[in-house]
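*Asks:* The following file, protein30.cif, comprises mmCIF, C-alpha atoms and all ligand atoms:
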```cif
data_structure
loop_
_atom_site.label_atom_id
_atom_site.label_comp_id
_atom_site.auth_asym_id
_atom_site.auth_seq_id
_atom_site.Cartn_x
_atom_site.Cartn_y
_atom_site.Cartn_z
CA MET A 1184 111.33 116.45 157.51
CA SER A 1185 114.64 117.53 158.89
CA PHE A 1186 118.06 116.13 158.02
CA ARG A 1187 119.42 113.89 160.79
CA ALA A 1188 123.14 113.56 161.38
CA THR A 1189 124.31 110.80 163.71
CA ILE A 1190 128.03 110.87 164.47
CA LEU A 1191 129.95 107.96 165.96
CA THR A 1192 133.17 109.20 167.47
CA LEU A 1193 135.54 108.79 170.40
CA TYR A 1194 135.26 112.56 170.94
CA PRO A 1195 131.58 113.56 170.90
CA GLU A 1196 132.51 116.76 172.75
CA MET A 1197 134.00 118.03 169.46
CA PHE A 1198 130.41 118.47 168.15
CA PRO A 1199 128.73 120.68 167.10
CA GLY A 1200 131.95 122.70 167.40
CA PRO A 1201 132.20 124.97 164.37
CA LEU A 1202 128.86 123.65 163.09
CA GLY A 1203 127.24 125.44 166.04
CA VAL A 1204 127.89 128.92 164.62
CA SER A 1205 126.82 130.97 161.60
CA LEU A 1206 124.70 129.36 158.86
CA SER A 1207 124.93 125.79 160.18
CA GLY A 1208 124.44 126.87 163.81
CA ASP A 1209 121.35 128.93 162.96
CA ALA A 1210 120.00 126.02 160.91
CA LEU A 1211 120.62 123.66 163.84
CA ALA A 1212 118.77 126.00 166.22
CA ARG A 1213 115.91 126.26 163.72
CA GLY A 1214 115.62 122.46 163.41
CA ILE A 1215 116.58 122.31 159.72
CA TRP A 1216 119.02 119.62 160.73
CA SER A 1217 119.64 117.70 163.95
CA LEU A 1218 122.77 116.26 165.47
CA ASP A 1219 123.29 113.16 167.61
CA ALA A 1220 126.97 112.74 168.50
CA ARG A 1221 127.57 109.40 170.21
CA ASN A 1222 130.59 107.98 171.92
CA ILE A 1223 131.84 104.70 170.44
CA ARG A 1224 133.41 104.06 173.86
CA ASP A 1225 129.93 103.54 175.37
CA HIS A 1226 130.12 100.16 173.61
CA GLY A 1227 133.71 99.43 174.62
CA ILE A 1228 134.81 96.15 176.17
CA GLY A 1229 135.22 95.61 179.90
CA ARG A 1230 135.72 97.91 182.82
CA HIS A 1231 138.05 100.12 180.79
CA ARG A 1232 135.67 100.26 177.84
CA ASN A 1233 138.39 99.33 175.39
CA VAL A 1234 137.62 100.21 171.79
CA ASP A 1235 140.87 99.38 170.01
CA ASP A 1236 143.55 96.73 169.78
CA THR A 1237 146.85 96.04 168.03
CA PRO A 1238 146.78 95.32 164.28
CA ALA A 1239 146.70 91.69 163.23
CA GLY A 1240 150.00 90.93 161.50
CA GLY A 1241 151.82 93.63 163.43
CA GLY A 1242 152.72 97.18 162.59
CA PRO A 1243 152.33 100.52 164.28
CA GLY A 1244 149.27 101.97 165.98
CA MET A 1245 145.92 100.64 167.02
CA VAL A 1246 142.76 99.63 165.16
CA ILE A 1247 139.16 100.22 166.26
CA ARG A 1248 137.49 96.87 166.92
CA CYS A 1249 134.77 95.70 164.53
CA ASP A 1250 132.50 94.32 167.28
CA VAL A 1251 132.63 97.56 169.29
CA LEU A 1252 131.95 99.79 166.28
CA ALA A 1253 129.15 97.51 165.03
CA ALA A 1254 127.48 97.64 168.45
CA ALA A 1255 127.71 101.44 168.44
CA LEU A 1256 126.22 101.59 164.93
CA ASP A 1257 123.42 99.15 165.74
CA ALA A 1258 122.48 101.11 168.87
CA ALA A 1259 122.46 104.42 166.98
CA GLU A 1260 120.09 103.34 164.25
CA GLU A 1261 116.36 102.83 164.29
CA PRO A 1262 114.74 99.86 162.56
CA GLY A 1263 114.05 100.54 158.88
CA GLU A 1264 116.75 103.18 158.76
CA SER A 1265 117.44 104.48 155.25
CA ARG A 1266 120.25 106.95 155.89
CA PRO A 1267 123.59 106.14 154.26
CA ARG A 1268 126.36 105.01 156.61
CA LEU A 1269 129.55 106.85 155.86
CA LEU A 1270 133.07 106.22 157.12
CA MET A 1271 135.44 109.18 156.87
CA SER A 1272 138.62 107.68 155.43
CA PRO A 1273 141.60 108.81 153.35
CA ARG A 1274 141.03 105.66 151.29
CA GLY A 1275 137.51 106.72 150.39
CA ARG A 1276 136.11 108.17 147.21
CA PRO A 1277 136.91 111.89 147.22
CA LEU A 1278 133.95 114.02 148.30
CA THR A 1279 132.46 116.08 145.46
CA GLN A 1280 129.83 118.81 145.27
CA ALA A 1281 127.62 116.33 143.36
CA ARG A 1282 127.75 113.83 146.25
CA VAL A 1283 127.16 116.66 148.74
CA ARG A 1284 124.01 117.72 146.85
CA ASP A 1285 122.81 114.18 146.80
CA LEU A 1286 123.33 113.67 150.54
CA ALA A 1287 121.79 117.06 151.40
CA ALA A 1288 118.60 116.10 149.57
CA GLY A 1289 118.24 112.88 151.56
CA PRO A 1290 117.04 112.02 155.08
CA GLY A 1291 120.48 112.46 156.68
CA VAL A 1292 123.64 110.48 157.37
CA THR A 1293 125.28 108.27 159.94
CA ILE A 1294 128.99 109.11 160.00
CA VAL A 1295 131.74 107.03 161.58
CA CYS A 1296 134.84 109.00 162.54
CA GLY A 1297 137.97 106.87 162.64
CA ARG A 1298 140.96 107.41 164.94
CA PHE A 1299 144.36 105.72 165.31
CA GLU A 1300 145.13 103.56 162.23
CA GLY A 1301 141.46 103.28 161.35
CA VAL A 1302 138.79 100.61 161.79
CA ASP A 1303 138.78 96.81 161.37
CA GLU A 1304 138.04 96.10 157.69
CA ARG A 1305 135.26 93.61 158.53
CA VAL A 1306 132.90 96.24 159.95
CA ILE A 1307 133.17 98.22 156.69
CA ALA A 1308 131.75 95.25 154.80
CA GLY A 1309 129.52 93.99 157.62
CA ARG A 1310 127.70 97.30 158.07
CA ASP A 1311 127.99 98.50 154.48
CA LEU A 1312 130.02 101.62 155.24
CA GLU A 1313 130.72 103.98 152.34
CA GLU A 1314 134.25 105.35 152.68
CA ILE A 1315 134.53 109.06 151.89
CA SER A 1316 137.72 111.12 151.79
CA ILE A 1317 137.93 114.90 152.01
CA GLY A 1318 141.29 115.04 150.25
CA ASP A 1319 144.67 113.47 149.67
CA TYR A 1320 146.21 114.13 153.07
CA VAL A 1321 145.92 112.35 156.42
CA LEU A 1322 144.12 113.77 159.45
CA SER A 1323 144.44 112.40 162.97
CA GLY A 1324 140.73 111.63 163.13
CA GLY A 1325 137.54 111.65 161.11
CA GLU A 1326 135.76 114.32 163.18
CA MET A 1327 136.91 117.34 161.22
CA ALA A 1328 136.31 115.49 157.98
CA ALA A 1329 132.73 114.79 159.13
CA MET A 1330 132.30 118.48 159.93
CA VAL A 1331 133.51 119.42 156.46
CA LEU A 1332 131.01 117.06 154.88
CA LEU A 1333 128.14 118.25 157.07
CA ASP A 1334 128.95 121.93 156.54
CA ALA A 1335 128.90 121.44 152.78
CA CYS A 1336 125.52 119.65 153.00
CA ILE A 1337 123.82 122.00 155.46
CA ARG A 1338 124.41 125.18 153.49
CA LEU A 1339 122.47 123.65 150.58
CA MET A 1340 119.36 122.83 152.62
CA PRO A 1341 116.28 124.89 151.83
CA GLY A 1342 116.08 127.98 154.03
CA VAL A 1343 119.74 127.96 155.10
CA MET A 1344 121.14 130.42 152.57
CA GLY A 1345 119.12 133.25 151.08
CA LYS A 1346 117.19 132.26 147.98
CA GLU A 1347 119.31 134.25 145.56
CA ALA A 1348 122.44 132.56 146.88
CA SER A 1349 121.08 129.09 146.18
CA GLY A 1350 124.46 127.98 144.99
CA THR A 1351 123.66 127.40 141.34
CA GLU A 1352 126.50 129.62 140.11
CA GLU A 1353 129.11 128.43 142.55
CA SER A 1354 132.40 126.66 142.06
CA PHE A 1355 132.02 123.09 140.73
CA GLU A 1356 128.61 123.75 139.19
CA GLY A 1357 129.02 122.59 135.61
CA ASN A 1358 132.57 121.60 136.60
CA LEU A 1359 133.75 125.21 136.57
CA LEU A 1360 135.40 127.21 139.32
CA GLU A 1361 133.66 130.45 140.15
CA TYR A 1362 134.28 133.80 138.43
CA PRO A 1363 135.94 136.61 140.46
CA HIS A 1364 133.92 138.81 142.82
CA TYR A 1365 134.22 142.54 143.49
CA THR A 1366 132.49 144.99 145.79
CA ARG A 1367 132.96 148.58 146.95
CA PRO A 1368 135.09 150.66 146.75
CA ARG A 1369 135.05 151.11 143.01
CA GLU A 1370 138.76 151.74 142.99
CA TRP A 1371 141.26 150.46 145.56
CA GLU A 1372 145.04 150.97 145.55
CA GLY A 1373 144.91 151.71 141.86
CA ARG A 1374 142.86 148.60 141.05
CA ALA A 1375 139.46 149.18 139.46
CA ILE A 1376 136.42 146.92 139.28
CA PRO A 1377 136.17 145.58 135.69
CA GLU A 1378 134.05 148.02 133.68
CA VAL A 1379 131.77 145.26 132.35
CA LEU A 1380 130.39 144.72 135.89
CA LEU A 1381 129.42 148.39 136.25
CA ASN A 1382 127.75 149.32 132.98
CA GLY A 1383 124.48 147.41 133.37
CA ASN A 1384 124.78 145.24 130.24
CA HIS A 1385 123.62 141.97 131.72
CA ALA A 1386 124.34 139.81 128.69
CA ALA A 1387 127.90 141.13 128.47
CA MET A 1388 128.34 140.63 132.20
CA ALA A 1389 127.13 137.02 132.03
CA ARG A 1390 129.49 136.37 129.10
CA TRP A 1391 132.43 137.89 131.00
CA ARG A 1392 131.71 135.83 134.09
CA ARG A 1393 131.47 132.66 132.04
CA GLU A 1394 134.76 133.39 130.27
CA GLU A 1395 136.53 134.20 133.53
CA ALA A 1396 135.20 130.99 135.11
CA GLU A 1397 136.54 129.03 132.14
CA ARG A 1398 139.89 130.82 132.20
CA ILE A 1399 140.40 130.26 135.93
CA THR A 1400 139.36 126.61 135.66
CA ARG A 1401 141.72 126.08 132.69
CA GLU A 1402 144.60 127.63 134.62
CA ARG A 1403 144.04 126.01 137.99
CA ARG A 1404 142.04 122.85 137.49
CA PRO A 1405 142.22 121.57 133.90
CA ASP A 1406 141.18 118.17 135.30
CA LEU A 1407 137.68 119.58 135.92
CA LEU A 1408 137.29 120.62 132.28
CA SER A 1409 138.18 117.16 131.01
CA ASP A 1410 135.50 115.68 133.33
CA ARG A 1411 132.79 117.94 131.91
CA ARG A 1412 129.54 116.32 130.96
N1 LIG A 1501 146.11 104.57 158.63
C1 LIG A 1501 145.14 105.28 157.86
C2 LIG A 1501 144.97 106.72 158.32
C3 LIG A 1501 144.28 106.84 159.66
S1 LIG A 1501 143.99 108.50 160.09
C4 LIG A 1501 145.56 105.27 156.38
O1 LIG A 1501 146.75 105.31 156.12
O2 LIG A 1501 144.69 105.25 155.51
C5 LIG A 1501 142.75 108.33 161.34
C6 LIG A 1501 141.33 108.61 160.91
O3 LIG A 1501 141.24 109.95 160.43
C7 LIG A 1501 140.81 107.77 159.77
O4 LIG A 1501 140.29 106.54 160.24
C8 LIG A 1501 139.70 108.65 159.19
O5 LIG A 1501 138.49 108.51 159.89
C9 LIG A 1501 140.25 110.05 159.44
N2 LIG A 1501 140.86 110.66 158.24
C10 LIG A 1501 142.18 110.89 158.05
N3 LIG A 1501 142.39 111.47 156.87
C11 LIG A 1501 141.20 111.64 156.27
C12 LIG A 1501 140.78 112.16 155.01
N4 LIG A 1501 141.65 112.65 154.13
N5 LIG A 1501 139.45 112.17 154.73
C13 LIG A 1501 138.57 111.65 155.61
N6 LIG A 1501 138.91 111.13 156.82
C14 LIG A 1501 140.20 111.12 157.15
#
```
Take the structure in the file and give it back as structure tokens.
*Replies:*
Amino acid sequence: MSFRATILTLYPEMFPGPLGVSLSGDALARGIWSLDARNIRDHGIGRHRNVDDTPAGGGPGMVIRCDVLAAALDAAEEPGESRPRLLMSPRGRPLTQARVRDLAAGPGVTIVCGRFEGVDERVIAGRDLEEISIGDYVLSGGEMAAMVLLDACIRLMPGVMGKEASGTEESFEGNLLEYPHYTRPREWEGRAIPEVLLNGNHAAMARWRREEAERITRERRPDLLSDRR
């Protein structure tokens, strides 16, 4: 069963965009995942297909209407749908590798991409949207955030990366950042590859990698170490 991604956006032409190349593009062509990018405007109001209006209570910008977005969501889903409905939002819970793994193992996602000031609060509750943020900064729309989330999920799907690169030693596994990598040449501008990686002692190499991962995490992201289970 392949992973189905339905995207609700005002700019469906942005998809697949970068997801159409490399690992995710090959996986799309091979049917490991599928993409259905739909225009929220198809459910807009009136001749001009309006999707947004001014915020109740005043203030800058425009807000996507709850009735329009709900109609777009309802039309995009099949009866008995079990995929989570996500709303890309700077107010959301920050996306983590654990959540990515969880989503990648499921049937797929429906993702709402906001624009302007965001969406009417009532559709978040009324359609049970899970708000997800990709970081503490503000984008102009949810499309690139949705691509980030999908890219992270797709690379974990069986058959997308080579078996040996299954991601079990990567950053955030066990709440550690990854150890440093080296490749040829053996010496470059006076910098050598650490001897421990060249002498074939696998236990020593594993220990070194572990220690480096811990050192780098301590230096850069001590918050990860305090979260460790
Ligand atoms: N007024 C909103 C920001 C709206 S930005 C606020 O202050 O919270 C417009 C849209 O971009 C949002 O609806 C959301 O879909 C998307 N977006 C912006 N920043 C994001 C982030 N960090 N993570 C996920 N989506 C984001």
*Asks:* Around ligand LIG 1501 (chain A), fit a box with edges along x, y and z, padding it by 8 Å on each side, then list its centre and edge lengths in Å to one decimal as lines of an AutoDock Vina configuration file.
*Replies:*
```
center_x = 142.6
center_y = 108.6
center_z = 157.7
size_x = 24.3
size_y = 24.1
size_z = 23.2
```
*Asks:* Restricting the calculation to only C-alpha atoms and all ligand atoms, which member of A:Asp1410, A:Asp1319, A:Glu1264, A:Asp1209 is positioned closest to ligand LIG 1501 (chain A)?
*Replies:* A:Asp1319
*Asks:* Compute the set of protein, DNA and RNA residues whose minimum atom distance to ligand LIG 1501 (chain A) is at most 9 Å, using all atoms listed in the file, and state it as a compact mmCIF listing (two decimals) with C-alpha atoms, keeping the file's coordinate frame.
*Replies:*
```txt
# COMPACT_ATOMS: atom_id res chain seq x y z
CA GLY A 1244 149.27 101.97 165.98
CA VAL A 1246 142.76 99.63 165.16
CA ILE A 1247 139.16 100.22 166.26
CA LEU A 1270 133.07 106.22 157.12
CA MET A 1271 135.44 109.18 156.87
CA SER A 1272 138.62 107.68 155.43
CA PRO A 1273 141.60 108.81 153.35
CA ARG A 1274 141.03 105.66 151.29
CA GLY A 1275 137.51 106.72 150.39
CA PRO A 1277 136.91 111.89 147.22
CA LEU A 1278 133.95 114.02 148.30
CA VAL A 1295 131.74 107.03 161.58
CA CYS A 1296 134.84 109.00 162.54
CA GLY A 1297 137.97 106.87 162.64
CA ARG A 1298 140.96 107.41 164.94
CA PHE A 1299 144.36 105.72 165.31
CA GLU A 1300 145.13 103.56 162.23
CA GLY A 1301 141.46 103.28 161.35
CA VAL A 1302 138.79 100.61 161.79
CA GLU A 1314 134.25 105.35 152.68
CA ILE A 1315 134.53 109.06 151.89
CA SER A 1316 137.72 111.12 151.79
CA ILE A 1317 137.93 114.90 152.01
CA GLY A 1318 141.29 115.04 150.25
CA ASP A 1319 144.67 113.47 149.67
CA TYR A 1320 146.21 114.13 153.07
CA VAL A 1321 145.92 112.35 156.42
CA LEU A 1322 144.12 113.77 159.45
CA SER A 1323 144.44 112.40 162.97
CA GLY A 1324 140.73 111.63 163.13
CA GLY A 1325 137.54 111.65 161.11
CA GLU A 1326 135.76 114.32 163.18
CA MET A 1327 136.91 117.34 161.22
CA ALA A 1328 136.31 115.49 157.98
CA ALA A 1329 132.73 114.79 159.13
```
*Asks:* Using only C-alpha atoms, can you tell me which of A:Arg1392, A:Arg1232, A:Arg1224, A:Arg1367 comes closest to A:Leu1252?
*Replies:* A:Arg1224
*Asks:* What's the 10 Å shell around A:Asp1219, counting all atoms listed in the file, without same-chain residues fewer than 6 positions away, as an NGL selection string?
*Replies:* :A and (1187-1191 or 1195 or 1198-1199 or 1259 or 1293)
*Asks:* Store the residues of this selection in a file with C-alpha atoms, as a PDB file, in the frame of the given file.
*Replies:*
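The result, written out as out-v1.pdb:
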```pdb
ATOM      1  CA  ARG A1187     119.420 113.890 160.790  1.00  0.00           C
ATOM      2  CA  ALA A1188     123.140 113.560 161.380  1.00  0.00           C
ATOM      3  CA  THR A1189     124.310 110.800 163.710  1.00  0.00           C
ATOM      4  CA  ILE A1190     128.030 110.870 164.470  1.00  0.00           C
ATOM      5  CA  LEU A1191     129.950 107.960 165.960  1.00  0.00           C
ATOM      6  CA  PRO A1195     131.580 113.560 170.900  1.00  0.00           C
ATOM      7  CA  PHE A1198     130.410 118.470 168.150  1.00  0.00           C
ATOM      8  CA  PRO A1199     128.730 120.680 167.100  1.00  0.00           C
ATOM      9  CA  ALA A1259     122.460 104.420 166.980  1.00  0.00           C
ATOM     10  CA  THR A1293     125.280 108.270 159.940  1.00  0.00           C
TER      11      THR A1293
END
```
*Asks:* For each of A:Ala1389, A:Leu1332, A:Asp1303, A:Arg1398, take the minimum atom-to-atom distance to A:Leu1202, counting only C-alpha atoms, then give the residue where this is smallest.
*Replies:*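 Closest candidate: A:Leu1332.
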*Asks:* Calculated over only C-alpha atoms, which of the candidates A:Glu1356, A:Asp1257, A:Gly1383, A:Pro1243 has the smallest distance to A:Glu1397?
*Replies:*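 Going through A:Glu1356, A:Asp1257, A:Gly1383, A:Pro1243 one by one, the smallest distance to A:Glu1397 is for A:Glu1356.
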*Asks:* Taking all atoms listed in the file into account, which of A:Ala1258, A:Ile1294, A:Leu1407, A:Leu1286 comes nearest A:Leu1218?
*Replies:* A:Ile1294
*Asks:* Between A:Glu1353, A:Val1234, A:Ala1210, A:Asp1311, which one has atoms that come closest to A:Pro1267, using only C-alpha atoms?
*Replies:*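 Closest to A:Pro1267, using only C-alpha atoms: A:Asp1311.
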*Asks:* In Å, rounded to a single decimal, give me how far atom CA of A:Ala1287 is from atom CA of A:Ala1335.
*Replies:*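 The value is 8.5 Å.
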*Asks:* Suppose you want the space between atom CA of A:Ala1308 and atom CA of A:Gln1280; what is it in Å?
*Replies:*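 It comes out at 25.5 Å.
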*Asks:* Compile the contact shell of A:Cys1249 as a list in words: residues with an atom at most 10 Å away, counting only C-alpha atoms, same-chain residues fewer than 5 positions apart removed.
*Replies:*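 The contact residues come out as Val1234, Asp1235, Ala1254, Ala1255, Val1302, Asp1303, Glu1304, Arg1305, Val1306, Ile1307, Gly1309 and Arg1310 of chain A.
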*Asks:* One decimal, in Å: what's the spacing between atom CA of A:Val1343 and atom CA of A:Arg1266?
*Replies:* 21.0 Å
*Asks:* Quick one: residues within 12 Å of A:Glu1394, only C-alpha atoms, excluding same-chain residues fewer than 3 positions away - as a PyMOL selection string?
*Replies:* chain A and resi 1359-1363+1387-1391+1397-1401
